[in-house]
Amino acid sequence: MEPLSRLEIDSIKEVMSIGAGHASNALYLMTGKKMMVSFPLVELCPIEKVPSLIDKPEEPVAATYLSMTGEENGRRFPVGAMVFLFSQKNAIKLAAILNNEKIGDYEYYELTNMDISALEETGNILSGASLTAISKILGIKIMESMPHFANDMLQSVLNSLLAEIAPKSTDALIFKTEFHIEDHGIKGNSLILFDPDTLTMLRKRMSSLFKDMLKEYIEEEYEEIDKRVV
């Protein structure tokens with residue numbers, strides 16, 4: 001698929017920034033800690049290139065993921081999947097902060113059920129906020145599954161996810177994801193694995209929306225000129 005244009009990148013970043021704002025508020029309500037979530041970089045790339053853009057394929061990661069289903073005029077269809085990936089170190093750090101616990105030794109610490117639950121809920125909040133904005137652009141209802149958790153080498157996690165929840169996806173939208181929580185900064189990656197038809201629909205819809213906004217802007221400018229002339 002063709003690389004994203006500058007307009008598409010800016011449009012998607014704007015959509016995700018709206019979702020990030022809602023997610024930041026929801027995480028604050030969940031933890032009582034001031035948080036800011038941001039997506040400073042977005043890229044569309046073939047699935048097979050994802051591991052090299054994130055980390056070494058053999059590096060251990062923690063992932064929360066969920067599948068997405070669309071509904072339009074009573075018809076349901078696959079939209080794709082959303083995945084949140086953190087290095088083992090950053091997953092441990094984020095879980096400790098979310099649970100108000102002391103950050104343990106990264107090398108020997110294993111994620112507990114409470115840690116996993118906190119990471120799953122964070123993924124649920126992030127996806128819910130982002131998908132609300134995406135569904136409005138597409139003009140369809142998007143339903144998400146319950147979040148799930150995986151903890152393994154990066155390549156193994158991605159292979160399992162593609163086979164399980166996004167078998168038709170050929171491209172991935174990758175968002176560099178940053179959490180700023182009080183004095184802590186945590187980096188991760190968010191992936192949207194769209195069904196090919198849905199990704200095509202999204203790109204067409206963004207182009208159409210831009211043309212509509214441009215037309216509206218031009219018409220408003222002419223109205224202002226007409227007022228000044230009169």
# chains A, B, ... in the order shown; residues from 1 in each chain; ligands from 1
>>> residues_around(residues="Ile134 of chain A", least_positions_apart="2", cutoff="12 Å", atoms="only C-alpha atoms", output="PyMOL selection string")
chain A and resi 11-19+68+70+79+127-132+136-143+192+194+198-199+201-203+205-206
>>> select_by_dssp(residues="segment 6-157 of chain A", states="strand (DSSP E)", output="number ranges by chain")
A: 35-46, 60-72, 75-87, 141-144, 148-153
>>> closest_residue(among="A:Glu120, A:Glu8, A:Glu43, A:Asp195", to="Ser169 of chain A", atoms="only C-alpha atoms")
A:Asp195
>>> residues_around(residues="Gly185 of chain A", least_positions_apart="2", cutoff="12 Å", atoms="only C-alpha atoms", output="list in words")
Met35, Met36, Val37, Ser38, Asn90, Ala91, Lys93, Leu94, Ile97, Thr177, Glu178, Phe179, His180, Ile181, Glu182, Asp183, Lys187 and Gly188 of chain A
>>> write_last_selection(atoms="N, CA, C and O atoms", output="PDB file, in the first residue's frame")
ATOM      1  N   MET A  35      -1.639  12.331  34.304  1.00  0.00           N
ATOM      2  CA  MET A  35      -0.975  11.643  33.197  1.00  0.00           C
ATOM      3  C   MET A  35      -1.196  12.390  31.894  1.00  0.00           C
ATOM      4  O   MET A  35      -2.218  13.047  31.709  1.00  0.00           O
ATOM      5  N   MET A  36      -0.239  12.253  31.011  1.00  0.00           N
ATOM      6  CA  MET A  36      -0.406  12.766  29.665  1.00  0.00           C
ATOM      7  C   MET A  36       0.046  11.680  28.696  1.00  0.00           C
ATOM      8  O   MET A  36       1.168  11.180  28.790  1.00  0.00           O
ATOM      9  N   VAL A  37      -0.846  11.293  27.805  1.00  0.00           N
ATOM     10  CA  VAL A  37      -0.530  10.296  26.788  1.00  0.00           C
ATOM     11  C   VAL A  37      -0.391  11.021  25.459  1.00  0.00           C
ATOM     12  O   VAL A  37      -1.208  11.883  25.121  1.00  0.00           O
ATOM     13  N   SER A  38       0.641  10.697  24.710  1.00  0.00           N
ATOM     14  CA  SER A  38       0.827  11.344  23.407  1.00  0.00           C
ATOM     15  C   SER A  38       1.295  10.321  22.376  1.00  0.00           C
ATOM     16  O   SER A  38       1.850   9.275  22.714  1.00  0.00           O
ATOM     17  N   ASN A  90       9.622  -1.462  30.562  1.00  0.00           N
ATOM     18  CA  ASN A  90       8.627  -0.397  30.632  1.00  0.00           C
ATOM     19  C   ASN A  90       7.265  -0.907  31.090  1.00  0.00           C
ATOM     20  O   ASN A  90       6.503  -0.172  31.727  1.00  0.00           O
ATOM     21  N   ALA A  91       6.950  -2.159  30.771  1.00  0.00           N
ATOM     22  CA  ALA A  91       5.689  -2.743  31.243  1.00  0.00           C
ATOM     23  C   ALA A  91       5.699  -2.863  32.763  1.00  0.00           C
ATOM     24  O   ALA A  91       4.705  -2.556  33.437  1.00  0.00           O
ATOM     25  N   LYS A  93       7.499  -1.088  34.831  1.00  0.00           N
ATOM     26  CA  LYS A  93       7.486   0.270  35.379  1.00  0.00           C
ATOM     27  C   LYS A  93       6.083   0.866  35.343  1.00  0.00           C
ATOM     28  O   LYS A  93       5.605   1.432  36.334  1.00  0.00           O
ATOM     29  N   LEU A  94       5.391   0.717  34.203  1.00  0.00           N
ATOM     30  CA  LEU A  94       4.045   1.270  34.069  1.00  0.00           C
ATOM     31  C   LEU A  94       3.073   0.598  35.033  1.00  0.00           C
ATOM     32  O   LEU A  94       2.270   1.267  35.697  1.00  0.00           O
ATOM     33  N   ILE A  97       3.542   1.856  38.597  1.00  0.00           N
ATOM     34  CA  ILE A  97       3.001   3.205  38.787  1.00  0.00           C
ATOM     35  C   ILE A  97       1.479   3.162  38.855  1.00  0.00           C
ATOM     36  O   ILE A  97       0.860   3.808  39.712  1.00  0.00           O
ATOM     37  N   THR A 177       4.232   5.726  21.280  1.00  0.00           N
ATOM     38  CA  THR A 177       3.338   6.112  22.369  1.00  0.00           C
ATOM     39  C   THR A 177       4.148   6.494  23.600  1.00  0.00           C
ATOM     40  O   THR A 177       5.063   5.766  23.988  1.00  0.00           O
ATOM     41  N   GLU A 178       3.818   7.637  24.182  1.00  0.00           N
ATOM     42  CA  GLU A 178       4.553   8.108  25.352  1.00  0.00           C
ATOM     43  C   GLU A 178       3.595   8.417  26.496  1.00  0.00           C
ATOM     44  O   GLU A 178       2.566   9.063  26.294  1.00  0.00           O
ATOM     45  N   PHE A 179       3.954   7.931  27.678  1.00  0.00           N
ATOM     46  CA  PHE A 179       3.221   8.232  28.903  1.00  0.00           C
ATOM     47  C   PHE A 179       4.087   9.155  29.754  1.00  0.00           C
ATOM     48  O   PHE A 179       5.253   8.851  30.006  1.00  0.00           O
ATOM     49  N   HIS A 180       3.517  10.258  30.176  1.00  0.00           N
ATOM     50  CA  HIS A 180       4.203  11.141  31.119  1.00  0.00           C
ATOM     51  C   HIS A 180       3.378  11.139  32.398  1.00  0.00           C
ATOM     52  O   HIS A 180       2.270  11.678  32.440  1.00  0.00           O
ATOM     53  N   ILE A 181       3.915  10.479  33.423  1.00  0.00           N
ATOM     54  CA  ILE A 181       3.198  10.295  34.683  1.00  0.00           C
ATOM     55  C   ILE A 181       4.039  10.884  35.801  1.00  0.00           C
ATOM     56  O   ILE A 181       5.074  10.323  36.177  1.00  0.00           O
ATOM     57  N   GLU A 182       3.609  12.051  36.283  1.00  0.00           N
ATOM     58  CA  GLU A 182       4.361  12.760  37.313  1.00  0.00           C
ATOM     59  C   GLU A 182       5.813  12.911  36.864  1.00  0.00           C
ATOM     60  O   GLU A 182       6.086  13.544  35.867  1.00  0.00           O
ATOM     61  N   ASP A 183       6.759  12.283  37.553  1.00  0.00           N
ATOM     62  CA  ASP A 183       8.171  12.442  37.178  1.00  0.00           C
ATOM     63  C   ASP A 183       8.670  11.327  36.264  1.00  0.00           C
ATOM     64  O   ASP A 183       9.869  11.239  35.990  1.00  0.00           O
ATOM     65  N   LYS A 187       7.860   4.854  27.405  1.00  0.00           N
ATOM     66  CA  LYS A 187       7.621   4.778  25.966  1.00  0.00           C
ATOM     67  C   LYS A 187       7.158   3.385  25.561  1.00  0.00           C
ATOM     68  O   LYS A 187       7.556   2.388  26.154  1.00  0.00           O
ATOM     69  N   GLY A 188       6.305   3.353  24.561  1.00  0.00           N
ATOM     70  CA  GLY A 188       5.822   2.089  24.030  1.00  0.00           C
ATOM     71  C   GLY A 188       5.410   2.276  22.583  1.00  0.00           C
ATOM     72  O   GLY A 188       5.764   3.274  21.943  1.00  0.00           O
TER      73      GLY A 188
END
>>> atom_distance(atom1="atom CA of Lys176 of chain A", atom2="atom CA of Pro46 of chain A")
16.2 Å
>>> closest_residue(among="A:Pro167, A:Gly74, A:Pro147, A:Gly123", to="Pro196 of chain A", atoms="only C-alpha atoms")
A:Pro167
>>> closest_atom_pairs(of="segment 157-203 of chain A", to="segment 49-67 of chain A", cutoff="10 Å", atoms="only C-alpha atoms", output="JSON lines")
{"residue": "A:Val157", "atom": "CA", "partner": "A:Ala63", "partner_atom": "CA", "distance": 7.7}
{"residue": "A:Leu158", "atom": "CA", "partner": "A:Pro51", "partner_atom": "CA", "distance": 8.1}
{"residue": "A:Leu161", "atom": "CA", "partner": "A:Tyr65", "partner_atom": "CA", "distance": 8.1}
{"residue": "A:Glu164", "atom": "CA", "partner": "A:Ser67", "partner_atom": "CA", "distance": 9.3}
{"residue": "A:Ile165", "atom": "CA", "partner": "A:Ser67", "partner_atom": "CA", "distance": 5.9}
{"residue": "A:Ala166", "atom": "CA", "partner": "A:Ser67", "partner_atom": "CA", "distance": 7.7}
{"residue": "A:Asp171", "atom": "CA", "partner": "A:Val50", "partner_atom": "CA", "distance": 9.0}
{"residue": "A:Ala172", "atom": "CA", "partner": "A:Val50", "partner_atom": "CA", "distance": 7.5}
{"residue": "A:Leu173", "atom": "CA", "partner": "A:Val50", "partner_atom": "CA", "distance": 9.3}
{"residue": "A:Ile174", "atom": "CA", "partner": "A:Val50", "partner_atom": "CA", "distance": 8.0}
{"residue": "A:Lys176", "atom": "CA", "partner": "A:Ile54", "partner_atom": "CA", "distance": 8.9}
{"residue": "A:Gly188", "atom": "CA", "partner": "A:Ile54", "partner_atom": "CA", "distance": 8.7}
{"residue": "A:Asn189", "atom": "CA", "partner": "A:Ile54", "partner_atom": "CA", "distance": 7.3}
{"residue": "A:Ser190", "atom": "CA", "partner": "A:Ala63", "partner_atom": "CA", "distance": 9.6}
{"residue": "A:Leu191", "atom": "CA", "partner": "A:Val50", "partner_atom": "CA", "distance": 9.2}
{"residue": "A:Ile192", "atom": "CA", "partner": "A:Tyr65", "partner_atom": "CA", "distance": 9.8}
{"residue": "A:Leu193", "atom": "CA", "partner": "A:Ser67", "partner_atom": "CA", "distance": 9.2}
{"residue": "A:Phe194", "atom": "CA", "partner": "A:Ser67", "partner_atom": "CA", "distance": 9.9}
>>> write_last_selection(atoms="N, CA and C atoms", output="mmCIF file, in the first residue's frame")
data_model
loop_
_atom_site.group_PDB
_atom_site.id
_atom_site.type_symbol
_atom_site.label_atom_id
_atom_site.label_comp_id
_atom_site.auth_asym_id
_atom_site.auth_seq_id
_atom_site.Cartn_x
_atom_site.Cartn_y
_atom_site.Cartn_z
ATOM 1 N N VAL A 157 5.019 -12.802 19.711
ATOM 2 C CA VAL A 157 3.765 -12.114 20.035
ATOM 3 C C VAL A 157 3.061 -11.661 18.761
ATOM 4 N N LEU A 158 3.811 -11.042 17.856
ATOM 5 C CA LEU A 158 3.206 -10.548 16.622
ATOM 6 C C LEU A 158 2.674 -11.689 15.755
ATOM 7 N N LEU A 161 -0.590 -12.880 17.292
ATOM 8 C CA LEU A 161 -1.674 -11.912 17.140
ATOM 9 C C LEU A 161 -2.208 -11.893 15.714
ATOM 10 N N GLU A 164 -4.302 -14.909 15.136
ATOM 11 C CA GLU A 164 -5.507 -15.005 15.968
ATOM 12 C C GLU A 164 -6.550 -13.940 15.662
ATOM 13 N N ILE A 165 -6.123 -12.674 15.545
ATOM 14 C CA ILE A 165 -7.121 -11.603 15.475
ATOM 15 C C ILE A 165 -7.024 -10.714 14.238
ATOM 16 N N ALA A 166 -5.983 -10.843 13.450
ATOM 17 C CA ALA A 166 -5.879 -9.987 12.263
ATOM 18 C C ALA A 166 -5.261 -10.757 11.097
ATOM 19 N N ASP A 171 -0.865 -4.462 6.437
ATOM 20 C CA ASP A 171 -0.153 -3.250 6.840
ATOM 21 C C ASP A 171 -0.528 -2.887 8.270
ATOM 22 N N ALA A 172 0.366 -2.153 8.918
ATOM 23 C CA ALA A 172 0.126 -1.732 10.299
ATOM 24 C C ALA A 172 0.363 -0.235 10.435
ATOM 25 N N LEU A 173 -0.528 0.412 11.163
ATOM 26 C CA LEU A 173 -0.297 1.792 11.567
ATOM 27 C C LEU A 173 0.428 1.735 12.905
ATOM 28 N N ILE A 174 1.632 2.276 12.947
ATOM 29 C CA ILE A 174 2.433 2.256 14.174
ATOM 30 C C ILE A 174 2.472 3.656 14.770
ATOM 31 N N LYS A 176 4.219 5.711 17.850
ATOM 32 C CA LYS A 176 5.083 5.801 19.015
ATOM 33 C C LYS A 176 4.242 6.391 20.144
ATOM 34 N N GLY A 188 6.305 3.353 24.561
ATOM 35 C CA GLY A 188 5.822 2.089 24.030
ATOM 36 C C GLY A 188 5.410 2.276 22.583
ATOM 37 N N ASN A 189 4.664 1.329 22.064
ATOM 38 C CA ASN A 189 4.185 1.406 20.689
ATOM 39 C C ASN A 189 2.738 0.939 20.624
ATOM 40 N N SER A 190 1.941 1.669 19.870
ATOM 41 C CA SER A 190 0.562 1.268 19.617
ATOM 42 C C SER A 190 0.447 0.883 18.150
ATOM 43 N N LEU A 191 -0.228 -0.217 17.888
ATOM 44 C CA LEU A 191 -0.405 -0.691 16.521
ATOM 45 C C LEU A 191 -1.890 -0.837 16.218
ATOM 46 N N ILE A 192 -2.293 -0.378 15.055
ATOM 47 C CA ILE A 192 -3.630 -0.681 14.553
ATOM 48 C C ILE A 192 -3.443 -1.525 13.298
ATOM 49 N N LEU A 193 -3.944 -2.746 13.361
ATOM 50 C CA LEU A 193 -3.841 -3.673 12.239
ATOM 51 C C LEU A 193 -5.198 -3.702 11.545
ATOM 52 N N PHE A 194 -5.389 -2.799 10.599
ATOM 53 C CA PHE A 194 -6.673 -2.693 9.931
ATOM 54 C C PHE A 194 -6.877 -3.816 8.918
#
>>> closest_residue(among="A:Leu111, A:Leu154, A:Ile125, A:Ala23", to="Ala96 of chain A", atoms="only C-alpha atoms")
A:Leu111
>>> closest_residue(among="A:Phe84, A:Asp10, A:Gly21, A:Ser135", to="Glu72 of chain A", atoms="only C-alpha atoms")
A:Ser135
>>> select_by_dssp(residues="segment 11-226 of chain A", states="helix (DSSP H, G or I)", output="VMD selection string")
chain A and resid 11 to 31 47 to 54 88 to 98 113 to 138 154 to 165 196 to 226
>>> closest_residue(among="A:Asp197, A:Thr69, A:Ile103, A:Ala133", to="Ala81 of chain A", atoms="only C-alpha atoms")
A:Thr69
>>> atom_distance(atom1="atom CA of Asn124 of chain A", atom2="atom CA of Gly80 of chain A")
15.3 Å
>>> closest_residue(among="A:Pro3, A:Pro78, A:Gly32, A:Pro40", to="Leu98 of chain A", atoms="only C-alpha atoms")
A:Gly32
>>> atom_distance(atom1="atom CA of Phe39 of chain A", atom2="atom CA of Leu126 of chain A")
11.2 Å
